[in-house]
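work37.pdb (PDB, C-alpha atoms, pLDDT in the B column)
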```pdb
MODEL        1
ATOM      1  CA  MET J1482     -24.721  30.498 -91.314  1.00 50.00           C
ATOM      2  CA  PRO J1483     -22.200  32.537 -89.251  1.00 60.00           C
ATOM      3  CA  ILE J1484     -22.654  32.931 -85.504  1.00 71.00           C
ATOM      4  CA  ILE J1485     -23.777  36.481 -84.808  1.00 75.00           C
ATOM      5  CA  PRO J1486     -22.279  38.028 -81.655  1.00 78.00           C
ATOM      6  CA  GLU J1487     -24.603  39.515 -79.065  1.00 85.00           C
ATOM      7  CA  PRO J1488     -25.525  43.184 -79.725  1.00 77.00           C
ATOM      8  CA  ARG J1489     -22.879  44.802 -77.487  1.00 84.00           C
ATOM      9  CA  LYS J1490     -20.112  42.615 -78.974  1.00 89.00           C
ATOM     10  CA  GLN J1491     -20.712  43.568 -82.598  1.00 93.00           C
ATOM     11  CA  TRP J1492     -17.893  45.748 -83.919  1.00 95.00           C
ATOM     12  CA  TYR J1493     -17.723  47.023 -87.489  1.00 94.00           C
ATOM     13  CA  VAL J1494     -15.219  48.905 -89.613  1.00 93.00           C
ATOM     14  CA  VAL J1495     -16.907  51.789 -91.431  1.00 94.00           C
ATOM     15  CA  HIS J1496     -15.215  53.257 -94.521  1.00 94.00           C
ATOM     16  CA  VAL J1497     -15.508  57.071 -94.588  1.00 95.00           C
ATOM     17  CA  LEU J1498     -14.238  59.842 -96.836  1.00 94.00           C
ATOM     18  CA  SER J1499     -10.531  60.466 -96.437  1.00 90.00           C
ATOM     19  CA  ASN J1500      -9.695  63.249 -93.980  1.00 92.00           C
ATOM     20  CA  GLN J1501     -13.343  63.327 -92.862  1.00 94.00           C
ATOM     21  CA  GLU J1502     -13.026  60.761 -90.056  1.00 95.00           C
ATOM     22  CA  GLN J1503     -13.433  63.236 -87.176  1.00 95.00           C
ATOM     23  CA  LYS J1504     -16.309  65.096 -88.860  1.00 96.00           C
ATOM     24  CA  VAL J1505     -18.152  61.841 -89.576  1.00 96.00           C
ATOM     25  CA  ARG J1506     -17.574  60.594 -86.025  1.00 96.00           C
ATOM     26  CA  ASN J1507     -18.874  63.847 -84.545  1.00 96.00           C
ATOM     27  CA  ARG J1508     -21.863  63.819 -86.909  1.00 96.00           C
ATOM     28  CA  ILE J1509     -22.716  60.239 -85.920  1.00 96.00           C
ATOM     29  CA  LEU J1510     -22.483  61.048 -82.210  1.00 96.00           C
ATOM     30  CA  ARG J1511     -24.622  64.168 -82.590  1.00 96.00           C
ATOM     31  CA  GLU J1512     -27.282  62.494 -84.756  1.00 95.00           C
ATOM     32  CA  MET J1513     -27.262  59.384 -82.576  1.00 94.00           C
ATOM     33  CA  GLU J1514     -28.163  61.506 -79.559  1.00 94.00           C
ATOM     34  CA  GLN J1515     -30.878  63.421 -81.440  1.00 95.00           C
ATOM     35  CA  GLN J1516     -32.473  60.229 -82.771  1.00 93.00           C
ATOM     36  CA  GLU J1517     -32.061  58.439 -79.421  1.00 92.00           C
ATOM     37  CA  LEU J1518     -30.094  55.516 -80.840  1.00 93.00           C
ATOM     38  CA  GLY J1519     -28.080  54.918 -77.653  1.00 91.00           C
ATOM     39  CA  ASP J1520     -29.650  51.449 -77.351  1.00 92.00           C
ATOM     40  CA  PHE J1521     -28.197  50.500 -80.749  1.00 94.00           C
ATOM     41  CA  ILE J1522     -24.887  52.387 -81.061  1.00 94.00           C
ATOM     42  CA  PHE J1523     -22.489  51.926 -78.168  1.00 95.00           C
ATOM     43  CA  ASP J1524     -19.138  53.340 -79.271  1.00 95.00           C
ATOM     44  CA  VAL J1525     -17.650  55.246 -82.213  1.00 95.00           C
ATOM     45  CA  LEU J1526     -13.843  55.227 -82.364  1.00 94.00           C
ATOM     46  CA  MET J1527     -11.397  57.114 -84.514  1.00 92.00           C
ATOM     47  CA  PRO J1528      -8.100  55.755 -83.157  1.00 88.00           C
ATOM     48  CA  THR J1529      -5.225  58.223 -83.048  1.00 87.00           C
ATOM     49  CA  GLU J1530      -1.705  58.214 -81.703  1.00 83.00           C
ATOM     50  CA  MET J1531       0.737  60.914 -80.707  1.00 80.00           C
ATOM     51  CA  VAL J1532       3.759  61.014 -82.988  1.00 77.00           C
ATOM     52  CA  SER J1533       6.966  62.941 -82.445  1.00 74.00           C
ATOM     53  CA  GLU J1534       9.024  64.122 -85.375  1.00 70.00           C
ATOM     54  CA  VAL J1535      11.635  66.714 -86.180  1.00 64.00           C
ATOM     55  CA  LYS J1536      10.727  69.447 -88.629  1.00 66.00           C
ATOM     56  CA  GLN J1537      13.089  72.308 -89.391  1.00 65.00           C
ATOM     57  CA  GLY J1538      15.320  71.278 -86.507  1.00 63.00           C
ATOM     58  CA  LYS J1539      12.546  71.320 -83.889  1.00 70.00           C
ATOM     59  CA  LYS J1540      10.933  68.352 -82.186  1.00 72.00           C
ATOM     60  CA  ARG J1541       7.138  68.435 -82.575  1.00 77.00           C
ATOM     61  CA  GLU J1542       4.354  66.179 -81.427  1.00 80.00           C
ATOM     62  CA  SER J1543       1.182  65.730 -83.431  1.00 79.00           C
ATOM     63  CA  LYS J1544      -1.844  63.455 -83.538  1.00 82.00           C
ATOM     64  CA  ARG J1545      -2.055  60.957 -86.350  1.00 82.00           C
ATOM     65  CA  LYS J1546      -4.866  58.573 -87.289  1.00 86.00           C
ATOM     66  CA  PHE J1547      -3.724  55.007 -87.435  1.00 80.00           C
ATOM     67  CA  TYR J1548      -6.665  53.781 -89.520  1.00 87.00           C
ATOM     68  CA  PRO J1549      -6.998  56.661 -92.023  1.00 91.00           C
ATOM     69  CA  GLY J1550     -10.279  56.527 -93.934  1.00 93.00           C
ATOM     70  CA  TYR J1551     -12.007  54.361 -91.320  1.00 94.00           C
ATOM     71  CA  ILE J1552     -13.863  54.603 -88.050  1.00 95.00           C
ATOM     72  CA  ILE J1553     -14.624  51.668 -85.790  1.00 95.00           C
ATOM     73  CA  MET J1554     -18.144  51.245 -84.412  1.00 95.00           C
ATOM     74  CA  ASN J1555     -19.620  49.063 -81.703  1.00 96.00           C
ATOM     75  CA  MET J1556     -23.300  48.791 -82.609  1.00 95.00           C
ATOM     76  CA  HIS J1557     -26.231  46.440 -82.844  1.00 94.00           C
ATOM     77  CA  LEU J1558     -26.499  45.892 -86.586  1.00 92.00           C
ATOM     78  CA  LEU J1559     -27.386  42.209 -86.993  1.00 91.00           C
ATOM     79  CA  THR J1560     -30.029  40.179 -85.170  1.00 90.00           C
ATOM     80  CA  GLU J1561     -29.460  36.612 -83.984  1.00 88.00           C
ATOM     81  CA  GLU J1562     -31.205  35.502 -87.196  1.00 89.00           C
ATOM     82  CA  ASN J1563     -28.592  37.422 -89.257  1.00 87.00           C
ATOM     83  CA  GLU J1564     -31.138  40.072 -90.278  1.00 90.00           C
ATOM     84  CA  LEU J1565     -30.171  43.745 -90.506  1.00 90.00           C
ATOM     85  CA  VAL J1566     -31.398  46.076 -87.767  1.00 92.00           C
ATOM     86  CA  ASP J1567     -33.041  48.739 -89.939  1.00 92.00           C
ATOM     87  CA  GLU J1568     -32.509  51.618 -87.475  1.00 92.00           C
ATOM     88  CA  THR J1569     -28.716  51.325 -87.442  1.00 93.00           C
ATOM     89  CA  TRP J1570     -28.275  50.105 -91.034  1.00 93.00           C
ATOM     90  CA  TYR J1571     -30.060  53.086 -92.589  1.00 93.00           C
ATOM     91  CA  PHE J1572     -28.683  55.509 -90.009  1.00 95.00           C
ATOM     92  CA  ILE J1573     -25.094  54.664 -91.038  1.00 94.00           C
ATOM     93  CA  GLN J1574     -25.746  54.158 -94.764  1.00 92.00           C
ATOM     94  CA  GLN J1575     -27.394  57.590 -95.100  1.00 94.00           C
ATOM     95  CA  MET J1576     -24.809  59.478 -93.014  1.00 95.00           C
ATOM     96  CA  ASP J1577     -22.890  62.146 -94.944  1.00 95.00           C
ATOM     97  CA  GLY J1578     -19.261  61.114 -95.395  1.00 95.00           C
ATOM     98  CA  VAL J1579     -19.867  57.368 -94.985  1.00 95.00           C
ATOM     99  CA  ILE J1580     -18.862  55.218 -97.954  1.00 93.00           C
ATOM    100  CA  GLY J1581     -19.987  51.914 -96.468  1.00 91.00           C
ATOM    101  CA  PHE J1582     -18.938  49.013 -94.322  1.00 90.00           C
ATOM    102  CA  ALA J1583     -15.572  47.390 -94.855  1.00 85.00           C
ATOM    103  CA  GLY J1584     -15.886  43.880 -96.169  1.00 76.00           C
ATOM    104  CA  ASN J1585     -19.168  43.161 -97.908  1.00 73.00           C
ATOM    105  CA  ARG J1586     -21.156  46.001 -99.460  1.00 68.00           C
ATOM    106  CA  ASN J1587     -24.648  44.620 -98.883  1.00 74.00           C
ATOM    107  CA  ARG J1588     -24.091  42.548 -95.753  1.00 81.00           C
ATOM    108  CA  PRO J1589     -21.764  43.882 -93.044  1.00 88.00           C
ATOM    109  CA  ILE J1590     -19.679  41.288 -91.248  1.00 88.00           C
ATOM    110  CA  PRO J1591     -18.870  41.873 -87.568  1.00 90.00           C
ATOM    111  CA  MET J1592     -15.218  41.744 -86.560  1.00 91.00           C
ATOM    112  CA  ARG J1593     -14.056  38.567 -84.811  1.00 91.00           C
ATOM    113  CA  GLN J1594     -13.637  38.896 -81.048  1.00 92.00           C
ATOM    114  CA  ARG J1595      -9.870  38.306 -81.238  1.00 93.00           C
ATOM    115  CA  GLU J1596      -9.602  41.126 -83.819  1.00 91.00           C
ATOM    116  CA  VAL J1597     -11.597  43.423 -81.529  1.00 92.00           C
ATOM    117  CA  ASP J1598      -9.443  42.533 -78.501  1.00 93.00           C
ATOM    118  CA  SER J1599      -6.246  43.092 -80.478  1.00 91.00           C
ATOM    119  CA  MET J1600      -7.475  46.406 -81.902  1.00 89.00           C
ATOM    120  CA  LEU J1601      -8.618  47.742 -78.501  1.00 90.00           C
ATOM    121  CA  ALA J1602      -5.285  46.734 -76.923  1.00 90.00           C
ATOM    122  CA  GLN J1603      -3.418  48.483 -79.747  1.00 87.00           C
ATOM    123  CA  ILE J1604      -5.536  51.637 -79.302  1.00 85.00           C
ATOM    124  CA  LYS J1605      -4.854  51.688 -75.555  1.00 86.00           C
ATOM    125  CA  GLU J1606      -1.121  51.105 -76.057  1.00 82.00           C
ATOM    126  CA  ARG J1607      -0.819  53.867 -78.646  1.00 79.00           C
ATOM    127  CA  GLU J1608      -2.811  56.369 -76.575  1.00 77.00           C
ATOM    128  CA  GLU J1609      -0.425  55.981 -73.646  1.00 74.00           C
ATOM    129  CA  ALA J1610       2.881  56.703 -75.389  1.00 73.00           C
ATOM    130  CA  VAL J1611       4.277  59.134 -77.906  1.00 71.00           C
ATOM    131  CA  ARG J1612       5.696  57.196 -80.829  1.00 69.00           C
ATOM    132  CA  PRO J1613       8.484  58.494 -83.003  1.00 66.00           C
ATOM    133  CA  SER J1614       7.611  59.068 -86.628  1.00 66.00           C
ATOM    134  CA  ILE J1615       9.667  56.486 -88.474  1.00 66.00           C
ATOM    135  CA  ASN J1616      10.871  57.682 -91.819  1.00 75.00           C
ATOM    136  CA  PHE J1617      14.349  56.216 -91.763  1.00 82.00           C
ATOM    137  CA  GLU J1618      15.802  53.057 -93.265  1.00 86.00           C
ATOM    138  CA  VAL J1619      19.062  51.220 -92.700  1.00 90.00           C
ATOM    139  CA  GLY J1620      21.663  52.733 -95.017  1.00 91.00           C
ATOM    140  CA  ASP J1621      20.127  56.239 -95.023  1.00 89.00           C
ATOM    141  CA  ALA J1622      22.555  59.144 -94.813  1.00 90.00           C
ATOM    142  CA  ILE J1623      21.667  61.425 -91.893  1.00 90.00           C
ATOM    143  CA  SER J1624      22.838  64.583 -90.218  1.00 87.00           C
ATOM    144  CA  VAL J1625      22.850  64.790 -86.416  1.00 86.00           C
ATOM    145  CA  SER J1626      20.823  67.842 -85.384  1.00 82.00           C
ATOM    146  CA  ASP J1627      21.089  67.642 -81.586  1.00 80.00           C
ATOM    147  CA  GLY J1628      23.406  66.346 -78.879  1.00 82.00           C
ATOM    148  CA  PRO J1629      27.160  65.917 -78.612  1.00 84.00           C
ATOM    149  CA  PHE J1630      27.471  64.795 -82.244  1.00 84.00           C
ATOM    150  CA  GLU J1631      25.557  67.776 -83.636  1.00 84.00           C
ATOM    151  CA  SER J1632      26.456  68.669 -87.245  1.00 84.00           C
ATOM    152  CA  GLN J1633      28.104  65.260 -87.794  1.00 87.00           C
ATOM    153  CA  ASN J1634      26.990  63.179 -90.749  1.00 90.00           C
ATOM    154  CA  GLY J1635      26.498  59.455 -90.581  1.00 91.00           C
ATOM    155  CA  ILE J1636      24.878  56.326 -91.976  1.00 92.00           C
ATOM    156  CA  ILE J1637      22.088  54.444 -90.185  1.00 91.00           C
ATOM    157  CA  GLU J1638      23.226  50.921 -89.301  1.00 93.00           C
ATOM    158  CA  GLU J1639      20.308  49.756 -87.163  1.00 91.00           C
ATOM    159  CA  ILE J1640      16.792  50.921 -86.224  1.00 88.00           C
ATOM    160  CA  ASP J1641      15.082  50.058 -82.918  1.00 85.00           C
ATOM    161  CA  PRO J1642      11.460  51.247 -83.292  1.00 76.00           C
ATOM    162  CA  GLU J1643      10.432  49.984 -79.840  1.00 72.00           C
ATOM    163  CA  ARG J1644      12.909  52.262 -78.095  1.00 76.00           C
ATOM    164  CA  GLY J1645      12.884  55.022 -80.732  1.00 76.00           C
ATOM    165  CA  LYS J1646      16.640  54.708 -81.204  1.00 85.00           C
ATOM    166  CA  LEU J1647      19.025  54.481 -84.133  1.00 89.00           C
ATOM    167  CA  ARG J1648      22.559  53.145 -84.288  1.00 92.00           C
ATOM    168  CA  VAL J1649      24.453  55.475 -86.568  1.00 92.00           C
ATOM    169  CA  ALA J1650      28.014  55.234 -87.853  1.00 91.00           C
ATOM    170  CA  VAL J1651      29.629  58.676 -87.538  1.00 90.00           C
ATOM    171  CA  THR J1652      33.239  59.571 -88.268  1.00 85.00           C
ATOM    172  CA  ILE J1653      35.149  60.638 -85.150  1.00 81.00           C
ATOM    173  CA  PHE J1654      38.885  61.372 -85.399  1.00 77.00           C
ATOM    174  CA  GLY J1655      38.943  59.812 -88.846  1.00 79.00           C
ATOM    175  CA  ARG J1656      37.349  56.512 -87.766  1.00 86.00           C
ATOM    176  CA  SER J1657      33.822  55.235 -88.222  1.00 86.00           C
ATOM    177  CA  THR J1658      32.243  54.876 -84.780  1.00 87.00           C
ATOM    178  CA  PRO J1659      28.753  53.556 -83.972  1.00 90.00           C
ATOM    179  CA  VAL J1660      26.677  55.828 -81.715  1.00 91.00           C
ATOM    180  CA  GLU J1661      23.153  55.425 -80.416  1.00 91.00           C
ATOM    181  CA  LEU J1662      20.822  58.358 -81.072  1.00 89.00           C
ATOM    182  CA  GLU J1663      17.119  59.029 -80.724  1.00 83.00           C
ATOM    183  CA  TYR J1664      15.005  59.596 -83.847  1.00 79.00           C
ATOM    184  CA  TRP J1665      14.443  63.238 -83.043  1.00 76.00           C
ATOM    185  CA  GLN J1666      18.196  63.880 -82.856  1.00 81.00           C
ATOM    186  CA  VAL J1667      18.750  63.205 -86.564  1.00 83.00           C
ATOM    187  CA  GLU J1668      17.510  64.424 -89.929  1.00 82.00           C
ATOM    188  CA  LYS J1669      17.922  62.956 -93.376  1.00 82.00           C
ATOM    189  CA  ALA J1670      20.994  64.439 -95.043  1.00 76.00           C
TER     190      ALA J1670
ENDMDL
END
```
Please express what this file holds, its structure, as structure tokens.
Amino acid sequence: MPIIPEPRKQWYVVHVLSNQEQKVRNRILREMEQQELGDFIFDVLMPTEMVSEVKQGKKRESKRKFYPGYIIMNMHLLTEENELVDETWYFIQQMDGVIGFAGNRNRPIPMRQREVDSMLAQIKEREEAVRPSINFEVGDAISVSDGPFESQNGIIEEIDPERGKLRVAVTIFGRSTPVELEYWQVEKA
């Protein structure tokens, strides 16, 4: 029999209808308050990150879900005897937009503590920084849309996702020269 974490350390992945994550989260929070389930449901997360990308020559930032189709919940769902807590089980199962728990259909399995720690660290890291939208690959032909090499064409030689930089081979004075550019400075040719 698996060891069941204490109530406040039980985290679950809940599968919801695609593009309904925010609506389901808001519905859960609203209904949770109305039904006074604050002693059973502790947190409802829909992790997002800010992403920068260039569209039509302009740099834009937008929010993007990094677990599309899922929300993460910290709730008391299993007792120490591995029995379901009826209040939270039926509350989630009957919620509009919820498909079910990730993993086992009839018996939810709490996330391991190391998975929870890793996920929460990832959420915090992604909330703090704007990440470039990566839609380039080595060998892609690009056109430089901003900076001193504007309107030059080139080929991507290297991608550094941590720094949001590309090394691109552009032709200057008839010779191929590597230059370092940021993602937002280039577009696919």
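Residues within 7 Å of Val1611 of chain J, counting all atoms listed in the file and excluding same-chain residues fewer than 3 positions away, are Met1531, Val1532 and Ser1533 of chain J.
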- Query: In Å, how far is it from atom CA of Lys1646 of chain J to atom CA of Arg1545 of chain J?
  - Reply: 20.4 Å
- Query: Selected by the PyMOL selection byres ((chain J and resi 1640) around 10) in the shown coordinates: which residues, as JSON, numbers by chain?
  - Reply: {"J": [1615, 1617, 1618, 1619, 1637, 1638, 1639, 1641, 1642, 1643, 1644, 1645, 1646, 1647, 1648, 1649, 1661, 1662, 1663, 1664]}
- Message: Can you translate the PyMOL selection byres ((chain J and resi 1573) around 12) into the concrete residues it hits in this file, as number ranges by chain?
- Response: J: 1493-1497, 1505-1506, 1508-1510, 1512-1513, 1518, 1521-1522, 1525, 1552, 1554, 1556-1558, 1566-1572, 1574-1582, 1589
- Among J:Arg1656, J:Lys1669, J:Lys1544, J:Arg1595, Trp1492 of chain J is approached most closely, using all atoms listed in the file, by J:Arg1595
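The interatomic distance for the pair atom CA of Lys1546 of chain J and atom CA of Pro1528 of chain J works out to 6.0 Å.
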Let me have the centre and edge lengths of the axis-aligned box enclosing all listed atoms of segment 1583-1590 of chain J with 6 Å padding on every side, in Å to one decimal, as AutoDock Vina command-line options.
```
--center_x -20.1 --center_y 44.3 --center_z -95.4 --size_x 21.1 --size_y 18.1 --size_z 20.2
```
- Task: Just give me the gap between atom CA of Ser1499 of chain J and atom CA of Leu1565 of chain J in Å, one decimal is fine.
- Result: 26.5 Å
- Evaluate the PyMOL selection byres ((chain J and resi 1670) around 12) here and jot the selected residues down as a list in words.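 Taken over the shown coordinates, the PyMOL selection byres ((chain J and resi 1670) around 12) returns Phe1617, Gly1620, Asp1621, Ala1622, Ile1623, Ser1624, Val1625, Ser1626, Ser1632, Gln1633, Asn1634, Gly1635, Ile1636, Ile1637, Val1667, Glu1668 and Lys1669 of chain J.
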- Using all atoms listed in the file, which of the listed residues (J:Glu1534, J:Glu1514, J:Glu1502, J:Asp1520) sits closest to Tyr1551 of chain J?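 Using all atoms listed in the file, Tyr1551 of chain J sits closest to J:Glu1502.
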- Item | Best match for closeness to Lys1539 of chain J among J:Glu1609, J:Asp1627, J:Glu1562, J:Glu1487, counting all atoms listed in the file | J:Asp1627
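Excluding Gln1594 of chain J itself and any same-chain residue fewer than 2 positions from it, the protein and nucleic acid residues within 12 Å of it, counting all atoms listed in the file, are J:Ile1484, J:Ile1485, J:Pro1486, J:Glu1487, J:Arg1489, J:Lys1490, J:Gln1491, J:Trp1492, J:Tyr1493, J:Asn1555, J:Pro1591, J:Met1592, J:Glu1596, J:Val1597, J:Asp1598, J:Ser1599, J:Met1600, J:Leu1601.
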